$ cat upload-v5.cif   # mmCIF, N, CA and C atoms and all ligand atoms
data_run
#
loop_
_atom_site.label_atom_id
_atom_site.label_comp_id
_atom_site.auth_asym_id
_atom_site.auth_seq_id
_atom_site.Cartn_x
_atom_site.Cartn_y
_atom_site.Cartn_z
N MET T 1487 -29.43 104.45 49.77
CA MET T 1487 -29.90 103.17 49.19
C MET T 1487 -28.80 102.11 49.18
N GLU T 1488 -27.53 102.52 49.32
CA GLU T 1488 -26.44 101.55 49.38
C GLU T 1488 -26.69 100.54 50.50
N ALA T 1489 -27.13 101.06 51.64
CA ALA T 1489 -27.32 100.19 52.80
C ALA T 1489 -28.37 99.13 52.52
N LEU T 1490 -29.39 99.53 51.79
CA LEU T 1490 -30.47 98.59 51.49
C LEU T 1490 -29.95 97.48 50.58
N LYS T 1491 -29.19 97.87 49.57
CA LYS T 1491 -28.62 96.89 48.65
C LYS T 1491 -27.74 95.91 49.43
N PHE T 1492 -26.93 96.47 50.30
CA PHE T 1492 -26.03 95.68 51.14
C PHE T 1492 -26.86 94.69 51.95
N ALA T 1493 -27.94 95.18 52.53
CA ALA T 1493 -28.78 94.32 53.36
C ALA T 1493 -29.35 93.18 52.53
N VAL T 1494 -29.77 93.48 51.31
CA VAL T 1494 -30.38 92.45 50.48
C VAL T 1494 -29.33 91.41 50.07
N GLN T 1495 -28.17 91.92 49.66
CA GLN T 1495 -27.12 90.99 49.24
C GLN T 1495 -26.67 90.07 50.38
N CYS T 1496 -26.65 90.60 51.58
CA CYS T 1496 -26.09 89.86 52.69
C CYS T 1496 -27.15 89.10 53.49
N ARG T 1497 -28.31 89.04 52.99
CA ARG T 1497 -29.45 88.46 53.69
C ARG T 1497 -29.12 87.09 54.30
N GLY T 1498 -28.45 86.23 53.49
CA GLY T 1498 -28.13 84.89 53.98
C GLY T 1498 -27.23 84.91 55.20
N GLY T 1499 -26.30 85.85 55.23
CA GLY T 1499 -25.26 85.83 56.26
C GLY T 1499 -25.55 86.65 57.50
N LEU T 1500 -26.64 87.41 57.50
CA LEU T 1500 -26.86 88.33 58.62
C LEU T 1500 -28.14 87.97 59.38
N PRO T 1501 -28.12 88.19 60.69
CA PRO T 1501 -29.37 87.98 61.44
C PRO T 1501 -30.46 88.92 60.93
N ALA T 1502 -31.69 88.46 60.99
CA ALA T 1502 -32.80 89.24 60.44
C ALA T 1502 -32.91 90.63 61.07
N ALA T 1503 -32.64 90.73 62.35
CA ALA T 1503 -32.76 92.03 63.03
C ALA T 1503 -31.80 93.06 62.42
N TRP T 1504 -30.62 92.59 62.07
CA TRP T 1504 -29.63 93.45 61.42
C TRP T 1504 -30.15 93.96 60.09
N VAL T 1505 -30.70 93.04 59.34
CA VAL T 1505 -31.21 93.40 58.02
C VAL T 1505 -32.30 94.45 58.17
N ALA T 1506 -33.18 94.26 59.13
CA ALA T 1506 -34.27 95.22 59.36
C ALA T 1506 -33.69 96.57 59.76
N ALA T 1507 -32.67 96.56 60.62
CA ALA T 1507 -32.08 97.82 61.07
C ALA T 1507 -31.45 98.56 59.89
N LEU T 1508 -30.75 97.84 59.03
CA LEU T 1508 -30.11 98.47 57.88
C LEU T 1508 -31.16 99.03 56.93
N ALA T 1509 -32.23 98.29 56.75
CA ALA T 1509 -33.29 98.77 55.87
C ALA T 1509 -33.91 100.04 56.43
N ALA T 1510 -34.06 100.10 57.75
CA ALA T 1510 -34.63 101.29 58.38
C ALA T 1510 -33.71 102.48 58.16
N ILE T 1511 -32.41 102.26 58.26
CA ILE T 1511 -31.47 103.35 58.03
C ILE T 1511 -31.58 103.83 56.58
N ALA T 1512 -31.66 102.88 55.66
CA ALA T 1512 -31.76 103.25 54.25
C ALA T 1512 -33.01 104.10 54.00
N LEU T 1513 -34.10 103.71 54.61
CA LEU T 1513 -35.34 104.47 54.43
C LEU T 1513 -35.22 105.86 55.03
N ALA T 1514 -34.63 105.94 56.23
CA ALA T 1514 -34.51 107.24 56.89
C ALA T 1514 -33.66 108.19 56.06
N ASN T 1515 -32.71 107.63 55.30
CA ASN T 1515 -31.81 108.48 54.52
C ASN T 1515 -32.30 108.77 53.11
N SER T 1516 -33.41 108.18 52.72
CA SER T 1516 -33.85 108.38 51.34
C SER T 1516 -34.37 109.81 51.18
N PRO T 1517 -34.31 110.36 49.96
CA PRO T 1517 -34.68 111.76 49.76
C PRO T 1517 -36.08 112.03 50.30
N ALA T 1518 -36.22 113.18 50.95
CA ALA T 1518 -37.42 113.41 51.75
C ALA T 1518 -38.42 114.33 51.08
N HIS T 1519 -38.29 114.54 49.77
CA HIS T 1519 -39.14 115.57 49.19
C HIS T 1519 -40.45 115.02 48.63
N ALA T 1520 -40.72 113.75 48.83
CA ALA T 1520 -41.93 113.19 48.25
C ALA T 1520 -43.20 113.66 48.98
N ALA T 1521 -43.17 113.60 50.31
CA ALA T 1521 -44.43 113.72 51.04
C ALA T 1521 -44.49 114.92 51.98
N GLY T 1522 -44.04 116.08 51.52
CA GLY T 1522 -44.04 117.26 52.37
C GLY T 1522 -45.45 117.73 52.71
N ASP T 1523 -45.61 118.24 53.91
CA ASP T 1523 -46.89 118.74 54.40
C ASP T 1523 -46.80 120.27 54.47
N ALA T 1524 -47.43 120.95 53.52
CA ALA T 1524 -47.29 122.40 53.41
C ALA T 1524 -47.85 123.13 54.63
N GLY T 1525 -48.88 122.57 55.26
CA GLY T 1525 -49.47 123.21 56.43
C GLY T 1525 -48.47 123.23 57.58
N ARG T 1526 -47.82 122.10 57.79
CA ARG T 1526 -46.80 122.03 58.82
C ARG T 1526 -45.61 122.92 58.42
N GLY T 1527 -45.32 122.94 57.13
CA GLY T 1527 -44.23 123.78 56.61
C GLY T 1527 -44.46 125.26 56.90
N GLN T 1528 -45.71 125.68 56.84
CA GLN T 1528 -46.03 127.08 57.09
C GLN T 1528 -45.66 127.47 58.53
N VAL T 1529 -45.92 126.57 59.45
CA VAL T 1529 -45.57 126.83 60.85
C VAL T 1529 -44.04 126.88 60.99
N LEU T 1530 -43.37 125.92 60.36
CA LEU T 1530 -41.91 125.89 60.45
C LEU T 1530 -41.28 127.11 59.77
N TYR T 1531 -41.96 127.62 58.75
CA TYR T 1531 -41.44 128.77 58.01
C TYR T 1531 -41.29 130.01 58.91
N GLN T 1532 -42.01 130.01 60.02
CA GLN T 1532 -41.86 131.14 60.96
C GLN T 1532 -40.41 131.30 61.39
N GLY T 1533 -39.69 130.19 61.47
CA GLY T 1533 -38.25 130.26 61.80
C GLY T 1533 -37.44 130.97 60.73
N CYS T 1534 -37.88 130.91 59.49
CA CYS T 1534 -37.18 131.57 58.38
C CYS T 1534 -37.49 133.07 58.38
N GLN T 1535 -38.64 133.42 58.97
CA GLN T 1535 -39.11 134.80 58.84
C GLN T 1535 -38.35 135.80 59.68
N ASP T 1536 -37.42 135.31 60.53
CA ASP T 1536 -36.50 136.26 61.15
C ASP T 1536 -35.71 136.98 60.06
N CYS T 1537 -35.51 136.33 58.94
CA CYS T 1537 -34.66 136.88 57.88
C CYS T 1537 -35.35 136.98 56.52
N HIS T 1538 -36.40 136.21 56.31
CA HIS T 1538 -37.01 136.13 54.97
C HIS T 1538 -38.49 136.47 54.99
N SER T 1539 -38.99 136.93 53.85
CA SER T 1539 -40.42 136.88 53.62
C SER T 1539 -40.64 136.46 52.18
N ILE T 1540 -41.88 136.15 51.86
CA ILE T 1540 -42.17 135.72 50.49
C ILE T 1540 -42.04 136.90 49.52
N GLU T 1541 -42.58 138.04 49.96
CA GLU T 1541 -42.76 139.14 49.00
C GLU T 1541 -41.63 140.16 48.97
N LYS T 1542 -40.82 140.23 50.05
CA LYS T 1542 -39.85 141.34 50.13
C LYS T 1542 -38.46 140.87 50.53
N ASN T 1543 -37.45 141.53 49.98
CA ASN T 1543 -36.09 141.29 50.46
C ASN T 1543 -35.96 141.85 51.88
N ASP T 1544 -35.20 141.10 52.69
CA ASP T 1544 -35.04 141.49 54.09
C ASP T 1544 -33.56 141.22 54.41
N VAL T 1545 -33.28 140.60 55.56
CA VAL T 1545 -31.91 140.14 55.80
C VAL T 1545 -31.53 139.15 54.70
N GLY T 1546 -32.48 138.29 54.34
CA GLY T 1546 -32.29 137.35 53.23
C GLY T 1546 -33.19 137.73 52.06
N PRO T 1547 -32.95 137.12 50.90
CA PRO T 1547 -33.74 137.45 49.71
C PRO T 1547 -35.18 136.97 49.81
N MET T 1548 -36.08 137.66 49.09
CA MET T 1548 -37.49 137.24 49.05
C MET T 1548 -37.61 135.82 48.47
N HIS T 1549 -38.64 135.12 48.92
CA HIS T 1549 -38.80 133.73 48.48
C HIS T 1549 -39.81 133.55 47.35
N LYS T 1550 -40.35 134.66 46.86
CA LYS T 1550 -41.32 134.53 45.78
C LYS T 1550 -40.70 133.79 44.59
N GLY T 1551 -41.32 132.72 44.19
CA GLY T 1551 -40.84 131.96 43.02
C GLY T 1551 -39.56 131.18 43.26
N VAL T 1552 -39.19 130.98 44.52
CA VAL T 1552 -37.85 130.42 44.77
C VAL T 1552 -37.71 128.97 44.26
N VAL T 1553 -38.77 128.19 44.34
CA VAL T 1553 -38.65 126.81 43.85
C VAL T 1553 -38.63 126.86 42.31
N GLY T 1554 -37.51 126.46 41.75
CA GLY T 1554 -37.33 126.52 40.30
C GLY T 1554 -36.54 127.75 39.86
N ARG T 1555 -36.27 128.68 40.79
CA ARG T 1555 -35.53 129.89 40.44
C ARG T 1555 -34.03 129.60 40.44
N VAL T 1556 -33.29 130.36 39.61
CA VAL T 1556 -31.83 130.24 39.65
C VAL T 1556 -31.34 130.95 40.92
N ALA T 1557 -30.43 130.31 41.65
CA ALA T 1557 -29.93 130.88 42.91
C ALA T 1557 -29.28 132.24 42.67
N GLY T 1558 -29.47 133.13 43.62
CA GLY T 1558 -28.79 134.42 43.56
C GLY T 1558 -29.40 135.41 42.60
N THR T 1559 -30.70 135.29 42.29
CA THR T 1559 -31.29 136.16 41.27
C THR T 1559 -32.54 136.94 41.73
N ALA T 1560 -32.82 137.02 43.02
CA ALA T 1560 -33.96 137.85 43.44
C ALA T 1560 -33.59 139.31 43.18
N PRO T 1561 -34.42 140.04 42.41
CA PRO T 1561 -34.07 141.41 42.03
C PRO T 1561 -33.83 142.29 43.24
N GLY T 1562 -32.75 143.06 43.22
CA GLY T 1562 -32.51 144.06 44.25
C GLY T 1562 -31.87 143.52 45.52
N TYR T 1563 -31.60 142.22 45.60
CA TYR T 1563 -30.99 141.71 46.83
C TYR T 1563 -29.47 141.62 46.66
N ASN T 1564 -28.75 142.00 47.71
CA ASN T 1564 -27.29 142.02 47.68
C ASN T 1564 -26.71 140.68 48.17
N TYR T 1565 -26.54 139.74 47.25
CA TYR T 1565 -26.07 138.39 47.61
C TYR T 1565 -24.58 138.37 47.92
N SER T 1566 -24.17 137.36 48.66
CA SER T 1566 -22.74 137.08 48.79
C SER T 1566 -22.23 136.65 47.41
N PRO T 1567 -20.95 136.89 47.12
CA PRO T 1567 -20.40 136.39 45.84
C PRO T 1567 -20.61 134.88 45.70
N ALA T 1568 -20.52 134.16 46.82
CA ALA T 1568 -20.65 132.69 46.76
C ALA T 1568 -22.00 132.28 46.18
N LEU T 1569 -23.06 132.89 46.66
CA LEU T 1569 -24.39 132.49 46.19
C LEU T 1569 -24.66 133.07 44.79
N ARG T 1570 -24.21 134.31 44.58
CA ARG T 1570 -24.44 134.93 43.27
C ARG T 1570 -23.79 134.12 42.15
N ASN T 1571 -22.65 133.50 42.46
CA ASN T 1571 -21.92 132.75 41.43
C ASN T 1571 -22.14 131.25 41.51
N ALA T 1572 -23.12 130.83 42.28
CA ALA T 1572 -23.28 129.39 42.52
C ALA T 1572 -23.76 128.64 41.28
N LYS T 1573 -24.50 129.32 40.41
CA LYS T 1573 -24.99 128.68 39.18
C LYS T 1573 -25.73 127.37 39.43
N ILE T 1574 -26.64 127.42 40.37
CA ILE T 1574 -27.51 126.26 40.56
C ILE T 1574 -28.95 126.74 40.50
N THR T 1575 -29.85 125.81 40.30
CA THR T 1575 -31.28 126.11 40.34
C THR T 1575 -31.85 125.51 41.62
N TRP T 1576 -32.80 126.22 42.21
CA TRP T 1576 -33.41 125.74 43.45
C TRP T 1576 -34.45 124.66 43.15
N THR T 1577 -33.96 123.49 42.81
CA THR T 1577 -34.84 122.32 42.74
C THR T 1577 -35.15 121.89 44.18
N GLU T 1578 -36.11 121.02 44.32
CA GLU T 1578 -36.42 120.53 45.67
C GLU T 1578 -35.21 119.85 46.30
N GLN T 1579 -34.47 119.14 45.46
CA GLN T 1579 -33.31 118.42 45.97
C GLN T 1579 -32.21 119.39 46.45
N ASN T 1580 -31.97 120.45 45.67
CA ASN T 1580 -30.97 121.43 46.08
C ASN T 1580 -31.42 122.20 47.32
N LEU T 1581 -32.71 122.49 47.40
CA LEU T 1581 -33.20 123.16 48.61
C LEU T 1581 -33.00 122.27 49.83
N ASP T 1582 -33.21 120.98 49.64
CA ASP T 1582 -33.02 120.04 50.76
C ASP T 1582 -31.56 120.06 51.23
N LYS T 1583 -30.63 120.03 50.27
CA LYS T 1583 -29.21 120.06 50.64
C LYS T 1583 -28.86 121.39 51.31
N TRP T 1584 -29.37 122.46 50.75
CA TRP T 1584 -29.11 123.82 51.28
C TRP T 1584 -29.58 123.93 52.72
N LEU T 1585 -30.81 123.51 52.97
CA LEU T 1585 -31.37 123.67 54.32
C LEU T 1585 -30.70 122.73 55.31
N THR T 1586 -30.15 121.62 54.82
CA THR T 1586 -29.42 120.71 55.71
C THR T 1586 -28.17 121.41 56.26
N ASP T 1587 -27.46 122.12 55.39
CA ASP T 1587 -26.22 122.78 55.80
C ASP T 1587 -25.77 123.76 54.71
N PRO T 1588 -26.28 125.00 54.76
CA PRO T 1588 -25.96 125.95 53.69
C PRO T 1588 -24.46 126.16 53.52
N GLN T 1589 -23.73 126.16 54.63
CA GLN T 1589 -22.29 126.45 54.57
C GLN T 1589 -21.51 125.37 53.85
N SER T 1590 -21.95 124.14 53.93
CA SER T 1590 -21.19 123.13 53.18
C SER T 1590 -21.74 122.97 51.76
N PHE T 1591 -23.02 123.32 51.53
CA PHE T 1591 -23.55 123.22 50.17
C PHE T 1591 -22.98 124.34 49.30
N ILE T 1592 -22.94 125.57 49.84
CA ILE T 1592 -22.36 126.70 49.10
C ILE T 1592 -21.41 127.44 50.04
N PRO T 1593 -20.15 126.97 50.10
CA PRO T 1593 -19.19 127.57 51.03
C PRO T 1593 -19.04 129.07 50.77
N GLY T 1594 -19.07 129.83 51.85
CA GLY T 1594 -18.94 131.29 51.72
C GLY T 1594 -20.27 132.02 51.73
N THR T 1595 -21.39 131.29 51.73
CA THR T 1595 -22.68 131.97 51.80
C THR T 1595 -22.84 132.67 53.15
N LYS T 1596 -23.70 133.69 53.16
CA LYS T 1596 -23.94 134.38 54.42
C LYS T 1596 -25.22 133.93 55.12
N MET T 1597 -25.77 132.82 54.69
CA MET T 1597 -26.88 132.25 55.46
C MET T 1597 -26.35 131.22 56.45
N PHE T 1598 -26.69 131.45 57.72
CA PHE T 1598 -26.31 130.50 58.77
C PHE T 1598 -27.58 130.02 59.45
N TYR T 1599 -28.16 128.98 58.96
CA TYR T 1599 -29.38 128.47 59.58
C TYR T 1599 -29.57 127.07 59.02
N GLU T 1600 -29.69 126.10 59.90
CA GLU T 1600 -29.81 124.72 59.44
C GLU T 1600 -31.11 124.11 59.93
N VAL T 1601 -31.69 123.28 59.10
CA VAL T 1601 -32.88 122.53 59.52
C VAL T 1601 -32.46 121.06 59.55
N GLN T 1602 -32.35 120.52 60.75
CA GLN T 1602 -31.74 119.19 60.91
C GLN T 1602 -32.67 118.05 60.51
N ASP T 1603 -33.95 118.22 60.71
CA ASP T 1603 -34.88 117.09 60.53
C ASP T 1603 -35.34 117.01 59.07
N PRO T 1604 -35.12 115.86 58.41
CA PRO T 1604 -35.49 115.72 57.00
C PRO T 1604 -36.98 115.99 56.76
N ARG T 1605 -37.81 115.59 57.72
CA ARG T 1605 -39.25 115.81 57.54
C ARG T 1605 -39.57 117.31 57.61
N ASP T 1606 -38.93 118.02 58.50
CA ASP T 1606 -39.12 119.47 58.58
C ASP T 1606 -38.72 120.12 57.25
N ARG T 1607 -37.58 119.67 56.71
CA ARG T 1607 -37.12 120.26 55.44
C ARG T 1607 -38.14 120.01 54.34
N ALA T 1608 -38.63 118.78 54.27
CA ALA T 1608 -39.60 118.44 53.22
C ALA T 1608 -40.86 119.29 53.35
N ASP T 1609 -41.28 119.52 54.58
CA ASP T 1609 -42.50 120.29 54.81
C ASP T 1609 -42.30 121.77 54.45
N ILE T 1610 -41.14 122.30 54.79
CA ILE T 1610 -40.84 123.70 54.44
C ILE T 1610 -40.79 123.84 52.92
N ILE T 1611 -40.18 122.89 52.25
CA ILE T 1611 -40.08 122.95 50.78
C ILE T 1611 -41.47 122.84 50.16
N ALA T 1612 -42.31 121.97 50.73
CA ALA T 1612 -43.69 121.84 50.22
C ALA T 1612 -44.43 123.17 50.39
N PHE T 1613 -44.22 123.83 51.51
CA PHE T 1613 -44.84 125.14 51.74
C PHE T 1613 -44.38 126.15 50.69
N LEU T 1614 -43.06 126.21 50.46
CA LEU T 1614 -42.53 127.18 49.49
C LEU T 1614 -43.09 126.90 48.10
N LYS T 1615 -43.19 125.62 47.78
CA LYS T 1615 -43.69 125.23 46.45
C LYS T 1615 -45.14 125.68 46.27
N GLU T 1616 -45.91 125.50 47.33
CA GLU T 1616 -47.34 125.78 47.23
C GLU T 1616 -47.66 127.28 47.35
N ARG T 1617 -46.93 127.99 48.21
CA ARG T 1617 -47.33 129.36 48.55
C ARG T 1617 -46.42 130.44 48.00
N ALA T 1618 -45.20 130.06 47.59
CA ALA T 1618 -44.25 131.13 47.25
C ALA T 1618 -44.06 131.25 45.74
N HIS T 1619 -45.12 131.02 44.98
CA HIS T 1619 -44.92 131.19 43.54
C HIS T 1619 -45.57 132.46 43.03
C1 LIG U 1701 -30.53 134.30 60.26
C2 LIG U 1701 -31.07 134.71 58.97
C3 LIG U 1701 -31.67 133.61 58.07
C4 LIG U 1701 -32.57 132.64 58.41
C5 LIG U 1701 -33.20 132.37 59.76
C6 LIG U 1701 -32.84 131.92 57.17
N1 LIG U 1701 -32.14 132.44 56.15
FE1 LIG U 1701 -32.23 131.88 54.20
N2 LIG U 1701 -30.89 133.29 53.70
C7 LIG U 1701 -30.33 134.21 54.58
C8 LIG U 1701 -29.38 135.04 53.87
C9 LIG U 1701 -28.53 136.15 54.48
C10 LIG U 1701 -29.37 134.59 52.53
C11 LIG U 1701 -28.50 135.10 51.39
C12 LIG U 1701 -27.23 134.26 51.42
C13 LIG U 1701 -26.10 134.74 50.50
O1 LIG U 1701 -26.26 135.74 49.79
O2 LIG U 1701 -25.06 134.06 50.55
C14 LIG U 1701 -30.35 133.49 52.46
C15 LIG U 1701 -30.64 132.79 51.30
C16 LIG U 1701 -31.61 131.82 51.20
C17 LIG U 1701 -31.96 131.14 49.99
C18 LIG U 1701 -31.38 131.38 48.61
C19 LIG U 1701 -32.37 132.24 47.83
C20 LIG U 1701 -31.90 132.75 46.51
O3 LIG U 1701 -32.51 133.72 46.04
O4 LIG U 1701 -30.95 132.21 45.91
C21 LIG U 1701 -32.95 130.26 50.30
C22 LIG U 1701 -33.65 129.30 49.37
C23 LIG U 1701 -33.18 130.38 51.72
N3 LIG U 1701 -32.35 131.33 52.23
C24 LIG U 1701 -34.15 129.65 52.41
C25 LIG U 1701 -34.34 129.73 53.78
C26 LIG U 1701 -35.34 128.99 54.49
C27 LIG U 1701 -36.36 128.06 53.84
C28 LIG U 1701 -35.20 129.29 55.80
C29 LIG U 1701 -35.94 128.71 56.98
C30 LIG U 1701 -35.92 127.27 57.08
C31 LIG U 1701 -34.13 130.27 55.91
N4 LIG U 1701 -33.63 130.51 54.67
C32 LIG U 1701 -33.72 130.85 57.10
C33 LIG U 1701 -30.60 134.33 55.92
C34 LIG U 1701 -31.41 133.49 56.65
#
$ encode --input "upload-v5.cif" --output "structure tokens" --more "lines below"
Ligand code: HEC
Amino acid sequence: MEALKFAVQCRGGLPAAWVAALAAIALANSPAHAAGDAGRGQVLYQGCQDCHSIEKNDVGPMHKGVVGRVAGTAPGYNYSPALRNAKITWTEQNLDKWLTDPQSFIPGTKMFYEVQDPRDRADIIAFLKERAH
């Protein structure tokens, strides 16, 4: 949102095309958890299923109840110390940061899988919210 503010403040001094471009950047960077499509998320979730399922621990922990759950607490799963001690809750916002880059969100985690597209992340989170409770 900084870019948008900048664009508004500088409106007098900048060509209109610039202002539009900055506003577009601000929009593209705004948090993406508002309008997730769970149906599309279900398809994308297939990429997670190499390691995860909703109901059972696998390579990764089960996802049942993950939205709103405290990180590192799926019963019976052997977490990395990094995730077990992370002391965060899986809000939509934290899930978005995690899926963007787990290694920089929780350094030392043993999950290596990134979802680059903000819309994909929003859709996967919408799917988890709807189906994994
Ligand atoms: C290559 C295997 C792999 C893939 C693919 C993968 N994960 Fe993971 N995931 C893991 C592992 C391993 C952990 C446990 C990390 C740790 O203990 O540090 C984990 C942990 C998690 C956690 C933390 C859960 C908790 O109980 O705290 C979430 C949330 C998560 N993954 C979501 C996803 C989603 C959503 C996808 C698909 C977009 C995905 N993962 C894809 C391996 C994977």
$ closest_residue --input "upload-v5.cif" --among "T:Thr1595, T:Ser1590, T:Asn1543, T:Gln1602" --to "ligand LIG 1701 (chain U)" --atoms "only N, CA and C atoms and all ligand atoms"
T:Thr1595
$ residues_near_ligand --input "upload-v5.cif" --ligand "ligand LIG 1701 (chain U)" --cutoff "7 Å" --atoms "only N, CA and C atoms and all ligand atoms" --output "MDAnalysis selection string"
chainID T and resid 1530:1538 1545:1549 1552 1555:1560 1564:1570 1576 1581 1585 1594:1601 1610:1611
$ write_last_selection --input "upload-v5.cif" --atoms "N, CA and C atoms" --output "CSV table (one decimal), in the coordinates of the input"
chain,number,residue,atom,x,y,z
T,1530,LEU,N,-43.4,125.9,60.4
T,1530,LEU,CA,-41.9,125.9,60.4
T,1530,LEU,C,-41.3,127.1,59.8
T,1531,TYR,N,-42.0,127.6,58.8
T,1531,TYR,CA,-41.4,128.8,58.0
T,1531,TYR,C,-41.3,130.0,58.9
T,1532,GLN,N,-42.0,130.0,60.0
T,1532,GLN,CA,-41.9,131.1,61.0
T,1532,GLN,C,-40.4,131.3,61.4
T,1533,GLY,N,-39.7,130.2,61.5
T,1533,GLY,CA,-38.2,130.3,61.8
T,1533,GLY,C,-37.4,131.0,60.7
T,1534,CYS,N,-37.9,130.9,59.5
T,1534,CYS,CA,-37.2,131.6,58.4
T,1534,CYS,C,-37.5,133.1,58.4
T,1535,GLN,N,-38.6,133.4,59.0
T,1535,GLN,CA,-39.1,134.8,58.8
T,1535,GLN,C,-38.4,135.8,59.7
T,1536,ASP,N,-37.4,135.3,60.5
T,1536,ASP,CA,-36.5,136.3,61.2
T,1536,ASP,C,-35.7,137.0,60.1
T,1537,CYS,N,-35.5,136.3,58.9
T,1537,CYS,CA,-34.7,136.9,57.9
T,1537,CYS,C,-35.4,137.0,56.5
T,1538,HIS,N,-36.4,136.2,56.3
T,1538,HIS,CA,-37.0,136.1,55.0
T,1538,HIS,C,-38.5,136.5,55.0
T,1545,VAL,N,-33.3,140.6,55.6
T,1545,VAL,CA,-31.9,140.1,55.8
T,1545,VAL,C,-31.5,139.2,54.7
T,1546,GLY,N,-32.5,138.3,54.3
T,1546,GLY,CA,-32.3,137.4,53.2
T,1546,GLY,C,-33.2,137.7,52.1
T,1547,PRO,N,-33.0,137.1,50.9
T,1547,PRO,CA,-33.7,137.4,49.7
T,1547,PRO,C,-35.2,137.0,49.8
T,1548,MET,N,-36.1,137.7,49.1
T,1548,MET,CA,-37.5,137.2,49.0
T,1548,MET,C,-37.6,135.8,48.5
T,1549,HIS,N,-38.6,135.1,48.9
T,1549,HIS,CA,-38.8,133.7,48.5
T,1549,HIS,C,-39.8,133.6,47.4
T,1552,VAL,N,-39.2,131.0,44.5
T,1552,VAL,CA,-37.8,130.4,44.8
T,1552,VAL,C,-37.7,129.0,44.3
T,1555,ARG,N,-36.3,128.7,40.8
T,1555,ARG,CA,-35.5,129.9,40.4
T,1555,ARG,C,-34.0,129.6,40.4
T,1556,VAL,N,-33.3,130.4,39.6
T,1556,VAL,CA,-31.8,130.2,39.6
T,1556,VAL,C,-31.3,131.0,40.9
T,1557,ALA,N,-30.4,130.3,41.6
T,1557,ALA,CA,-29.9,130.9,42.9
T,1557,ALA,C,-29.3,132.2,42.7
T,1558,GLY,N,-29.5,133.1,43.6
T,1558,GLY,CA,-28.8,134.4,43.6
T,1558,GLY,C,-29.4,135.4,42.6
T,1559,THR,N,-30.7,135.3,42.3
T,1559,THR,CA,-31.3,136.2,41.3
T,1559,THR,C,-32.5,136.9,41.7
T,1560,ALA,N,-32.8,137.0,43.0
T,1560,ALA,CA,-34.0,137.8,43.4
T,1560,ALA,C,-33.6,139.3,43.2
T,1564,ASN,N,-28.8,142.0,47.7
T,1564,ASN,CA,-27.3,142.0,47.7
T,1564,ASN,C,-26.7,140.7,48.2
T,1565,TYR,N,-26.5,139.7,47.2
T,1565,TYR,CA,-26.1,138.4,47.6
T,1565,TYR,C,-24.6,138.4,47.9
T,1566,SER,N,-24.2,137.4,48.7
T,1566,SER,CA,-22.7,137.1,48.8
T,1566,SER,C,-22.2,136.6,47.4
T,1567,PRO,N,-21.0,136.9,47.1
T,1567,PRO,CA,-20.4,136.4,45.8
T,1567,PRO,C,-20.6,134.9,45.7
T,1568,ALA,N,-20.5,134.2,46.8
T,1568,ALA,CA,-20.6,132.7,46.8
T,1568,ALA,C,-22.0,132.3,46.2
T,1569,LEU,N,-23.1,132.9,46.7
T,1569,LEU,CA,-24.4,132.5,46.2
T,1569,LEU,C,-24.7,133.1,44.8
T,1570,ARG,N,-24.2,134.3,44.6
T,1570,ARG,CA,-24.4,134.9,43.3
T,1570,ARG,C,-23.8,134.1,42.2
T,1576,TRP,N,-32.8,126.2,42.2
T,1576,TRP,CA,-33.4,125.7,43.4
T,1576,TRP,C,-34.4,124.7,43.2
T,1581,LEU,N,-32.7,122.5,47.4
T,1581,LEU,CA,-33.2,123.2,48.6
T,1581,LEU,C,-33.0,122.3,49.8
T,1585,LEU,N,-30.8,123.5,53.0
T,1585,LEU,CA,-31.4,123.7,54.3
T,1585,LEU,C,-30.7,122.7,55.3
T,1594,GLY,N,-19.1,129.8,51.8
T,1594,GLY,CA,-18.9,131.3,51.7
T,1594,GLY,C,-20.3,132.0,51.7
T,1595,THR,N,-21.4,131.3,51.7
T,1595,THR,CA,-22.7,132.0,51.8
T,1595,THR,C,-22.8,132.7,53.2
T,1596,LYS,N,-23.7,133.7,53.2
T,1596,LYS,CA,-23.9,134.4,54.4
T,1596,LYS,C,-25.2,133.9,55.1
T,1597,MET,N,-25.8,132.8,54.7
T,1597,MET,CA,-26.9,132.2,55.5
T,1597,MET,C,-26.4,131.2,56.4
T,1598,PHE,N,-26.7,131.4,57.7
T,1598,PHE,CA,-26.3,130.5,58.8
T,1598,PHE,C,-27.6,130.0,59.4
T,1599,TYR,N,-28.2,129.0,59.0
T,1599,TYR,CA,-29.4,128.5,59.6
T,1599,TYR,C,-29.6,127.1,59.0
T,1600,GLU,N,-29.7,126.1,59.9
T,1600,GLU,CA,-29.8,124.7,59.4
T,1600,GLU,C,-31.1,124.1,59.9
T,1601,VAL,N,-31.7,123.3,59.1
T,1601,VAL,CA,-32.9,122.5,59.5
T,1601,VAL,C,-32.5,121.1,59.6
T,1610,ILE,N,-41.1,122.3,54.8
T,1610,ILE,CA,-40.8,123.7,54.4
T,1610,ILE,C,-40.8,123.8,52.9
T,1611,ILE,N,-40.2,122.9,52.2
T,1611,ILE,CA,-40.1,123.0,50.8
T,1611,ILE,C,-41.5,122.8,50.2
$ closest_residue --input "upload-v5.cif" --among "T:Ala1572, T:Glu1578, T:Pro1593, T:Pro1561" --to "T:Phe1613" --atoms "only C-alpha atoms"
T:Glu1578
$ closest_residue --input "upload-v5.cif" --among "T:Gly1554, T:Gly1562, T:Gly1522, T:Gly1527" --to "T:Thr1575" --atoms "all atoms listed in the file"
T:Gly1554
$ atom_distance --input "upload-v5.cif" --atom1 "atom N of T:Asp1609" --atom2 "atom CA of T:Asp1523"
5.7 Å
$ atom_distance --input "upload-v5.cif" --atom1 "atom CA of T:Pro1588" --atom2 "atom N of T:Gly1551"
19.3 Å
$ atom_distance --input "upload-v5.cif" --atom1 "atom CA of T:Asp1582" --atom2 "atom CA of T:Ala1524"
14.7 Å
$ closest_residue --input "upload-v5.cif" --among "T:Gln1589, T:Asn1571, T:Asp1606, T:Lys1583" --to "T:Arg1526" --atoms "all atoms listed in the file"
T:Asp1606
